[in-house]
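Before any comments, here is the structure.
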Amino acid sequence: MDTLARRQVFLDNFVSFPLRYGGWAISEDILYDVLQFCLLKEPKVVLDLGSGTSTIVLGEYAKRMKRKGVDVKIISVDSNKEWLEDTKSLLIKIHSEDHVKLVYAPIVQTKHGHYYDPEKIIEILEEKIECIVVDGPPGSTQEQARYPVMPFFENMISKDGVIFLDDGKRKDEKEIVERWLENFPEWKSEYRKYMKGGFILYRKEADMEKYVIANHNSEIAELHTFSKMEKQTEKVKDLERKLMGRDQEIAKMKKSKFWRLREQYLRCKKA
């Protein structure tokens, strides 16, 4: 827990602003690894699918790279206009709005199912993508909602590009990665036990291991989601609820006509 807290403090200090993690937002463990990759590899074009906390951190990364004389292009996509406006207001607070291109791409019918309007994204992609952070669209969009990433953008990813896929614990995301590896066999994946699980993908021929260093272990991930003691407590509470339910059923039964007749029968039999 201390390690996870340190990561959150680091990320908050990095942007000089308290960020939102977990739930709908990206969790701090995978975001920490995304930022580490960026600081080590220094990608010039990053595609952020699903705006929010990741966008704020990536915007700060681009701003710092600009101070070094390096232009970085962050493209953040979302299908929710209000969420994009919220992200924009946060970028303004940390003075990173000039380093991020926010793209409104509504969910439309495509040849790969319902997905962000790909034309809205493709039209502003002038260079190869070096990093993709996939945290959208929502899983409710359709089954395997994030599968279209590879069919639409794989040929636009640089030879040493990396994909970070959030929510890897979900059945859909696991099936998505299986389909990606089947349809794009030159790619390989690595599963990491983030709070919500996650996959990191890159081409087999690319020497990416030195840039996608793991900063977690199963014990930390276990602590972050639910400690072992808390899990045992939940099991006890569940048993208590079941016992309480049975007690209520017994109390209700004792008030019934059947129970009174049963009691009379037992008294007569005893006599």
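Residues in the structure tokens are numbered from 1 in each chain, the chains being A, B, ... in the order shown, and ligands are numbered from 1 in the order shown.
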
Residues near Val77 in chain A, cut-off 9 Å, only C-alpha atoms, skip fewer than 2 positions along chain, as a VMD selection string: chain A and resid 47 to 51 75 79 84 101 to 105 116 121 136

Surrounding residues of Ser96 in chain A excluding itself and chain neighbours under 3 positions, 12 Å, only C-alpha atoms, as a list in words: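 Everything that qualifies: Val15, Ser16, Thr55, Ile56, Val57, Leu58, Gly59, Glu60, Tyr61, Ala62, Lys63, Arg64, Met65, Lys66, Val72, Lys73, Ile74, Thr87, Lys88, Ser89, Leu90, Leu91, Ile92, Lys93, His99, Val100, Lys101 and Leu102 of chain A.
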
Filtering to C-alpha atoms, could you give me those residues as a CSV table (one decimal), in the first residue's frame?
chain,number,residue,atom,x,y,z
A,15,VAL,CA,1.3,17.5,-12.7
A,16,SER,CA,1.1,19.6,-9.5
A,55,THR,CA,-4.6,13.0,-20.7
A,56,ILE,CA,-3.5,15.3,-17.9
A,57,VAL,CA,-0.3,13.3,-17.2
A,58,LEU,CA,0.5,13.0,-20.9
A,59,GLY,CA,-0.1,16.7,-21.3
A,60,GLU,CA,2.4,17.5,-18.6
A,61,TYR,CA,4.9,15.1,-20.2
A,62,ALA,CA,4.5,16.9,-23.5
A,63,LYS,CA,5.0,20.3,-21.8
A,64,ARG,CA,8.2,19.1,-20.1
A,65,MET,CA,9.5,17.7,-23.4
A,66,LYS,CA,8.8,21.1,-25.0
A,72,VAL,CA,5.4,15.9,-28.6
A,73,LYS,CA,1.9,15.5,-30.0
A,74,ILE,CA,-0.7,14.1,-27.6
A,87,THR,CA,-10.5,17.3,-19.3
A,88,LYS,CA,-9.9,20.6,-21.1
A,89,SER,CA,-10.6,22.6,-18.0
A,90,LEU,CA,-8.0,20.5,-16.1
A,91,LEU,CA,-5.4,20.9,-18.8
A,92,ILE,CA,-5.9,24.7,-18.6
A,93,LYS,CA,-5.4,24.6,-14.8
A,99,HIS,CA,0.2,20.4,-25.8
A,100,VAL,CA,-2.9,18.2,-26.2
A,101,LYS,CA,-5.2,17.9,-29.2
A,102,LEU,CA,-8.7,16.9,-27.8

Near-Trp187 in chain A list (10 Å; only C-alpha atoms; drop same-chain fewer than 2 positions) as a PyMOL selection string: chain A and resi 162+180-185+189+201-206

Alpha helix (DSSP H) residues, from DSSP on the backbone, in range 108-203 of chain A, as a PyMOL selection string: chain A and resi 118-122+149-153+171-183

Near-Lys41 in chain A list (10 Å; only C-alpha atoms; drop same-chain fewer than 6 positions) as a PyMOL selection string: chain A and resi 35+130-131+160-161+208+210-212

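If you look at CA of Arg246 in chain A and CA of Glu263 in chain A, they are 19.9 Å away from each other.
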